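Okay, query-v3.tsv is below, TSV, C-alpha atoms:
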chain	number	residue	atom	x	y	z
A	234	ALA	CA	-7.15	16.74	-1.44
A	235	GLN	CA	-4.28	14.89	0.10
A	236	SER	CA	-1.33	13.80	-2.03
A	237	VAL	CA	2.10	12.26	-1.68
A	238	THR	CA	5.06	12.98	-3.94
A	239	GLN	CA	8.11	10.79	-4.27
A	240	PRO	CA	10.30	12.76	-6.66
A	241	ASP	CA	12.81	10.00	-7.34
A	242	ILE	CA	11.51	7.22	-9.57
A	243	HIS	CA	14.72	5.17	-9.43
A	244	ILE	CA	17.81	5.43	-7.22
A	245	THR	CA	21.02	3.41	-7.50
A	246	VAL	CA	23.31	3.13	-4.49
A	247	SER	CA	26.47	1.18	-3.82
A	248	GLU	CA	26.33	-1.46	-1.11
A	249	GLY	CA	27.48	0.03	2.16
A	250	ALA	CA	26.65	3.60	1.14
A	251	SER	CA	24.05	5.74	2.86
A	252	LEU	CA	20.55	6.18	1.49
A	253	GLU	CA	17.90	8.88	1.59
A	254	LEU	CA	14.54	8.51	-0.16
A	255	ARG	CA	12.44	11.64	-0.41
A	256	CYS	CA	8.76	12.01	0.37
A	257	ASN	CA	6.65	15.16	0.39
A	258	TYR	CA	2.99	15.25	1.36
A	259	SER	CA	0.09	17.60	1.04
A	260	TYR	CA	-2.56	17.32	3.73
A	261	GLY	CA	-4.47	19.96	5.62
A	262	ALA	CA	-4.56	18.33	9.02
A	263	THR	CA	-1.94	16.57	11.13
A	264	PRO	CA	-0.59	13.83	8.91
A	265	TYR	CA	-0.09	10.23	9.83
A	266	LEU	CA	2.78	9.02	7.67
A	267	PHE	CA	4.05	5.62	6.65
A	268	TRP	CA	6.86	4.01	4.68
A	269	TYR	CA	6.29	0.60	3.10
A	270	VAL	CA	8.67	-1.66	1.18
A	271	GLN	CA	7.74	-4.06	-1.62
A	272	SER	CA	9.86	-6.84	-3.12
A	273	PRO	CA	9.04	-7.81	-6.72
A	274	GLY	CA	5.70	-9.59	-7.02
A	275	GLN	CA	5.01	-9.36	-3.30
A	276	GLY	CA	2.75	-7.44	-0.97
A	277	LEU	CA	3.81	-4.41	1.04
A	278	GLN	CA	5.59	-4.53	4.38
A	279	LEU	CA	5.54	-1.65	6.83
A	280	LEU	CA	8.97	-0.17	7.59
A	281	LEU	CA	7.91	2.59	9.99
A	282	LYS	CA	5.22	5.12	10.78
A	283	TYR	CA	4.79	8.56	12.34
A	284	PHE	CA	1.78	9.66	14.34
A	285	SER	CA	3.00	12.29	16.79
A	286	GLY	CA	5.77	13.02	19.24
A	287	ASP	CA	9.42	12.53	18.36
A	288	THR	CA	9.88	13.56	14.75
A	289	LEU	CA	12.66	11.00	14.18
A	290	VAL	CA	11.17	7.52	14.03
A	291	GLN	CA	12.98	4.22	13.91
A	292	GLY	CA	11.77	1.26	11.91
A	293	ILE	CA	12.69	-2.24	10.97
A	294	LYS	CA	15.78	-3.29	8.99
A	295	GLY	CA	17.78	-0.31	10.25
A	296	PHE	CA	15.63	2.36	8.56
A	297	GLU	CA	14.65	5.68	10.08
A	298	ALA	CA	12.60	8.65	8.89
A	299	GLU	CA	12.32	12.25	9.98
A	300	PHE	CA	9.10	14.26	9.91
A	301	LYS	CA	9.62	17.92	9.05
A	302	ARG	CA	6.36	19.84	9.21
A	303	SER	CA	7.90	23.05	7.84
A	304	GLN	CA	8.99	21.22	4.71
A	305	SER	CA	6.01	18.82	4.51
A	306	SER	CA	8.50	16.02	4.24
A	307	PHE	CA	9.03	12.54	5.64
A	308	ASN	CA	12.31	11.30	4.18
A	309	LEU	CA	13.51	7.75	4.71
A	310	ARG	CA	17.17	7.10	5.57
A	311	LYS	CA	19.54	4.25	6.16
A	312	PRO	CA	23.23	4.71	7.09
A	313	SER	CA	24.53	1.68	5.20
A	314	VAL	CA	22.51	-0.26	2.63
A	315	HIS	CA	22.70	-4.00	2.05
A	316	TRP	CA	22.04	-5.84	-1.22
A	317	SER	CA	18.82	-7.16	0.32
A	318	ASP	CA	17.44	-3.60	0.52
A	319	ALA	CA	16.88	-3.59	-3.24
A	320	ALA	CA	13.12	-3.15	-3.59
A	321	GLU	CA	10.45	-0.54	-4.22
A	322	TYR	CA	9.63	1.90	-1.45
A	323	PHE	CA	6.32	3.68	-0.96
A	324	CYS	CA	5.47	6.65	1.21
A	325	ALA	CA	1.85	7.05	2.31
A	326	VAL	CA	-0.34	9.44	4.29
A	327	ALA	CA	-3.40	8.35	6.25
A	328	THR	CA	-6.58	10.34	5.92
A	329	GLY	CA	-9.43	9.94	8.31
A	330	SER	CA	-11.19	11.81	11.02
A	331	ASN	CA	-11.02	9.38	13.87
A	332	PHE	CA	-7.89	7.45	13.13
A	333	GLY	CA	-9.60	4.19	12.82
A	334	ASN	CA	-10.07	2.23	9.63
A	335	GLU	CA	-8.02	4.76	7.77
A	336	LYS	CA	-7.59	5.22	4.05
A	337	LEU	CA	-4.04	5.60	2.79
A	338	THR	CA	-2.90	7.75	-0.12
A	339	PHE	CA	0.32	6.42	-1.63
A	340	GLY	CA	3.13	8.00	-3.56
A	341	THR	CA	4.21	6.52	-6.88
A	342	GLY	CA	7.17	4.74	-5.32
A	343	THR	CA	10.96	4.79	-5.59
A	344	ARG	CA	12.76	1.77	-6.98
A	345	LEU	CA	16.08	1.15	-5.23
A	346	THR	CA	18.90	-0.69	-6.97
A	347	ILE	CA	22.01	-1.75	-5.05
A	348	ILE	CA	25.30	-2.21	-6.88
A	349	PRO	CA	28.20	-4.24	-5.41
B	594	ASP	CA	-0.76	-17.86	11.73
B	595	GLY	CA	-2.82	-14.73	11.17
B	596	GLY	CA	-2.74	-13.04	7.82
B	597	ILE	CA	-4.36	-12.15	4.53
B	598	THR	CA	-4.72	-14.71	1.79
B	599	GLN	CA	-5.18	-13.75	-1.83
B	600	SER	CA	-5.77	-16.41	-4.40
B	601	PRO	CA	-4.71	-17.23	-6.95
B	602	LYS	CA	-1.32	-15.53	-7.27
B	603	TYR	CA	-1.62	-15.41	-11.08
B	604	LEU	CA	-4.89	-15.20	-12.99
B	605	PHE	CA	-5.50	-15.17	-16.72
B	606	ARG	CA	-8.79	-14.28	-18.36
B	607	LYS	CA	-10.08	-13.54	-21.81
B	608	GLU	CA	-11.24	-10.06	-22.66
B	609	GLY	CA	-14.93	-9.55	-21.94
B	610	GLN	CA	-15.12	-12.02	-19.05
B	611	ASN	CA	-15.83	-11.05	-15.48
B	612	VAL	CA	-13.35	-12.37	-12.92
B	613	THR	CA	-13.45	-12.47	-9.12
B	614	LEU	CA	-10.35	-12.08	-6.96
B	615	SER	CA	-10.41	-13.62	-3.52
B	616	CYS	CA	-9.29	-11.94	-0.31
B	617	GLU	CA	-9.59	-13.67	3.06
B	618	GLN	CA	-8.28	-12.55	6.44
B	619	ASN	CA	-8.20	-14.27	9.82
B	620	LEU	CA	-7.01	-11.19	11.71
B	621	ASN	CA	-10.47	-10.15	12.92
B	622	HIS	CA	-10.04	-6.74	11.31
B	623	ASP	CA	-13.12	-4.69	10.52
B	624	ALA	CA	-11.77	-2.59	7.66
B	625	MET	CA	-10.58	-4.04	4.38
B	626	TYR	CA	-9.30	-2.45	1.16
B	627	TRP	CA	-8.59	-3.22	-2.50
B	628	TYR	CA	-5.81	-1.49	-4.40
B	629	ARG	CA	-4.66	-1.64	-7.97
B	630	GLN	CA	-0.96	-1.29	-8.75
B	631	ASP	CA	0.43	-0.35	-12.15
B	632	PRO	CA	4.11	0.35	-12.92
B	633	GLY	CA	5.02	3.92	-12.07
B	634	GLN	CA	1.60	4.75	-10.59
B	635	GLY	CA	1.86	3.47	-7.06
B	636	LEU	CA	-1.23	2.03	-5.39
B	637	ARG	CA	-4.66	3.34	-6.19
B	638	LEU	CA	-7.69	2.61	-4.00
B	639	ILE	CA	-10.53	0.76	-5.73
B	640	TYR	CA	-12.99	0.01	-2.89
B	641	TYR	CA	-12.91	-0.20	0.87
B	642	SER	CA	-15.16	-1.57	3.56
B	643	GLN	CA	-15.20	-0.43	7.16
B	644	ILE	CA	-17.67	-3.01	8.38
B	645	VAL	CA	-19.66	-6.02	7.21
B	646	ASN	CA	-22.40	-5.25	4.66
B	647	ASP	CA	-20.98	-1.80	3.97
B	648	PHE	CA	-18.45	-0.57	1.42
B	649	GLN	CA	-17.46	2.65	-0.34
B	650	LYS	CA	-15.95	3.52	-3.68
B	651	GLY	CA	-12.33	4.54	-3.79
B	652	ASP	CA	-10.60	6.62	-6.42
B	653	ILE	CA	-10.91	4.19	-9.33
B	654	ALA	CA	-14.07	2.13	-8.71
B	655	GLU	CA	-15.42	2.18	-12.28
B	656	GLY	CA	-15.54	-1.32	-13.76
B	657	TYR	CA	-15.17	-3.04	-10.37
B	658	SER	CA	-17.59	-4.38	-7.78
B	659	VAL	CA	-17.22	-5.81	-4.27
B	660	SER	CA	-19.23	-7.49	-1.54
B	661	ARG	CA	-18.70	-7.81	2.20
B	662	GLU	CA	-21.04	-10.50	3.49
B	663	LYS	CA	-18.57	-11.82	6.05
B	664	LYS	CA	-15.97	-10.08	8.16
B	665	GLU	CA	-13.27	-12.41	6.88
B	666	SER	CA	-13.94	-12.02	3.16
B	667	PHE	CA	-13.84	-9.10	0.72
B	668	PRO	CA	-13.92	-10.39	-2.87
B	669	LEU	CA	-13.33	-8.06	-5.82
B	670	THR	CA	-14.99	-8.61	-9.19
B	671	VAL	CA	-13.34	-7.12	-12.24
B	672	THR	CA	-16.11	-6.68	-14.77
B	673	SER	CA	-15.96	-6.47	-18.54
B	674	ALA	CA	-16.61	-2.72	-18.17
B	675	GLN	CA	-13.09	-2.20	-16.81
B	676	LYS	CA	-11.17	-0.85	-19.79
B	677	ASN	CA	-7.69	-1.97	-18.81
B	678	PRO	CA	-7.90	-4.68	-16.15
B	679	THR	CA	-4.40	-6.14	-16.45
B	680	ALA	CA	-2.63	-5.14	-13.21
B	681	PHE	CA	-1.42	-6.29	-9.82
B	682	TYR	CA	-4.20	-6.26	-7.22
B	683	LEU	CA	-3.53	-5.93	-3.51
B	684	CYS	CA	-5.92	-6.53	-0.64
B	685	ALA	CA	-5.31	-5.00	2.77
B	686	SER	CA	-6.89	-4.67	6.19
B	687	TRP	CA	-6.53	-2.10	8.95
B	688	ASP	CA	-4.94	-3.24	12.19
B	689	PRO	CA	-6.40	-1.01	14.94
B	690	SER	CA	-3.93	-2.30	17.53
B	691	TYR	CA	-0.91	-1.10	15.58
B	692	ASN	CA	-2.63	1.59	13.45
B	693	GLU	CA	-1.35	0.32	10.15
B	694	GLN	CA	-2.56	-1.34	6.99
B	695	PHE	CA	-1.58	-4.96	6.63
B	696	PHE	CA	-1.25	-6.29	3.06
B	697	GLY	CA	-1.84	-9.58	1.35
B	698	PRO	CA	0.62	-11.04	-1.19
B	699	GLY	CA	-1.35	-9.81	-4.23
B	700	THR	CA	-2.87	-11.29	-7.37
B	701	ARG	CA	-1.52	-10.53	-10.82
B	702	LEU	CA	-4.37	-10.44	-13.32
B	703	THR	CA	-3.64	-10.67	-17.01
B	704	VAL	CA	-6.45	-10.21	-19.51
B	705	LEU	CA	-5.67	-11.65	-22.92

Can you present the structure in this file as structure tokens?
Amino acid sequence: AQSVTQPDIHITVSEGASLELRCNYSYGATPYLFWYVQSPGQGLQLLLKYFSGDTLVQGIKGFEAEFKRSQSSFNLRKPSVHWSDAAEYFCAVATGSNFGNEKLTFGTGTRLTIIP
Amino acid sequence: DGGITQSPKYLFRKEGQNVTLSCEQNLNHDAMYWYRQDPGQGLRLIYYSQIVNDFQKGDIAEGYSVSREKKESFPLTVTSAQKNPTAFYLCASWDPSYNEQFFGPGTRLTVL
């Protein structure tokens, strides 16, 4: 069965520093991968997604992620974090045969704290 | 504006009572989903529906029920059989134009 692992439960970063959030997946077929962000008490917002093609994908709010098939990873990065980036981040893999009406399997999330 | 509405944002119920959470979308999406979120456990799929009058169990369906009588609506009932119903519940739909799940704002259910 498919699974997603986010090994870091909580990360603290200084404002202006770089960020990398780790995500590893387990899925037999070609994965479709997503990163979502959630502010406290809110729904999830999509940051970026990978389907095929260029393995480095750009998203909103200055985030990017790189798909590495050999490592089964899809790590999220940002060169310089802002205080407003403090939130919880979820990695997810889509599972479905026809890529329509997909189910997503989520990781357990990484909570990001930004210190001044 | 198109989107998903979940109401109410906060819901309190006594133990042993059934409660229904509302989810409405005006995005014209066929597929809709219900997730449960607990601290440190991420999102877990309860039920999903790919089309009107059809739905399937997710990973943690026990103690929950759904209906899909209209394309726009996918209500979730938390029954008294659910052992630990206090959680944050998120409704979502699949956007086929952008190939992504679009989420509602969530309902926090507290059972006293």

Exercise. Would you mind reading off the distance between CA of Asp652 (chain B) and CA of Ala262 (chain A), one decimal, in Å?
Key: 20.3 Å

Quiz item: Counting only C-alpha atoms, which of A:Ser259, A:Ser272, A:Ser251, A:Ser317 gets nearest to chain B?
Solution: A:Ser272

Write down, as a compact mmCIF listing (two decimals) with C-alpha atoms, in the coordinates of the input, each residue of chain B that has any atom within 12 Å of an atom of chain A, counting all atoms listed in the file.
# COMPACT_ATOMS: atom_id res chain seq x y z
CA GLY B 596 -2.74 -13.04 7.82
CA ILE B 597 -4.36 -12.15 4.53
CA THR B 598 -4.72 -14.71 1.79
CA GLN B 599 -5.18 -13.75 -1.83
CA LYS B 602 -1.32 -15.53 -7.27
CA TYR B 603 -1.62 -15.41 -11.08
CA HIS B 622 -10.04 -6.74 11.31
CA ASP B 623 -13.12 -4.69 10.52
CA ALA B 624 -11.77 -2.59 7.66
CA MET B 625 -10.58 -4.04 4.38
CA TYR B 626 -9.30 -2.45 1.16
CA TRP B 627 -8.59 -3.22 -2.50
CA TYR B 628 -5.81 -1.49 -4.40
CA ARG B 629 -4.66 -1.64 -7.97
CA GLN B 630 -0.96 -1.29 -8.75
CA ASP B 631 0.43 -0.35 -12.15
CA PRO B 632 4.11 0.35 -12.92
CA GLY B 633 5.02 3.92 -12.07
CA GLN B 634 1.60 4.75 -10.59
CA GLY B 635 1.86 3.47 -7.06
CA LEU B 636 -1.23 2.03 -5.39
CA ARG B 637 -4.66 3.34 -6.19
CA LEU B 638 -7.69 2.61 -4.00
CA ILE B 639 -10.53 0.76 -5.73
CA TYR B 640 -12.99 0.01 -2.89
CA TYR B 641 -12.91 -0.20 0.87
CA SER B 642 -15.16 -1.57 3.56
CA GLN B 643 -15.20 -0.43 7.16
CA ILE B 644 -17.67 -3.01 8.38
CA GLN B 649 -17.46 2.65 -0.34
CA LYS B 650 -15.95 3.52 -3.68
CA GLY B 651 -12.33 4.54 -3.79
CA ASP B 652 -10.60 6.62 -6.42
CA ALA B 680 -2.63 -5.14 -13.21
CA PHE B 681 -1.42 -6.29 -9.82
CA TYR B 682 -4.20 -6.26 -7.22
CA LEU B 683 -3.53 -5.93 -3.51
CA CYS B 684 -5.92 -6.53 -0.64
CA ALA B 685 -5.31 -5.00 2.77
CA SER B 686 -6.89 -4.67 6.19
CA TRP B 687 -6.53 -2.10 8.95
CA ASP B 688 -4.94 -3.24 12.19
CA PRO B 689 -6.40 -1.01 14.94
CA SER B 690 -3.93 -2.30 17.53
CA TYR B 691 -0.91 -1.10 15.58
CA ASN B 692 -2.63 1.59 13.45
CA GLU B 693 -1.35 0.32 10.15
CA GLN B 694 -2.56 -1.34 6.99
CA PHE B 695 -1.58 -4.96 6.63
CA PHE B 696 -1.25 -6.29 3.06
CA GLY B 697 -1.84 -9.58 1.35
CA PRO B 698 0.62 -11.04 -1.19
CA GLY B 699 -1.35 -9.81 -4.23
CA THR B 700 -2.87 -11.29 -7.37
CA ARG B 701 -1.52 -10.53 -10.82
CA LEU B 702 -4.37 -10.44 -13.32

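Between Gln239 (chain A) and the residues A:Gly261, A:Leu309, A:Arg302, A:Gly292, the shortest atom-to-atom distance, using all atoms listed in the file, involves A:Leu309.
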
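Here CA of His315 (chain A) is placed at a distance of 6.3 Å from CA of Gly249 (chain A).
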
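The shortest atom-to-atom distance to Gly656 (chain B), with all atoms listed in the file taken into account, belongs to B:Gln610 out of B:Ser600, B:Ser615, B:Gln610, B:Asn621.
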
Exercise. Kindly indicate which residue among B:Val645, B:Thr679, B:Gly609, B:Leu614 lies nearest to Ser658 (chain B), using only C-alpha atoms for the distances.
Key: B:Leu614

Quiz prompt | One-decimal distance in Å that lies between CA of Gln235 (chain A) and CA of Thr328 (chain A) | solution = 7.7 Å

Calculate, to one decimal in Å, the centre and edge lengths of the box along x, y and z of the file that holds all listed atoms of region 642-647 of chain B with 6 Å of margin on each side, and present them as AutoDock Vina command-line options.
--center_x -18.8 --center_y -3.2 --center_z 6.0 --size_x 19.2 --size_y 17.6 --size_z 16.8

Quiz prompt | From A:Lys301, A:Thr346, A:Phe296, A:Ala320, residue lying nearest Glu253 (chain A) [all atoms listed in the file] | solution =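 Result for the nearest residue to Glu253 (chain A): A:Phe296.
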
Exercise. Determine, counting only C-alpha atoms, which protein, DNA and RNA residues have an atom within 7 Å of an atom of Thr670 (chain B); residues of the same chain fewer than 4 positions away are not included. Present the result as a list of chain:residue names.
Key: B:Asn611, B:Val612, B:Thr613, B:Leu614, B:Tyr657, B:Ser658, B:Val659
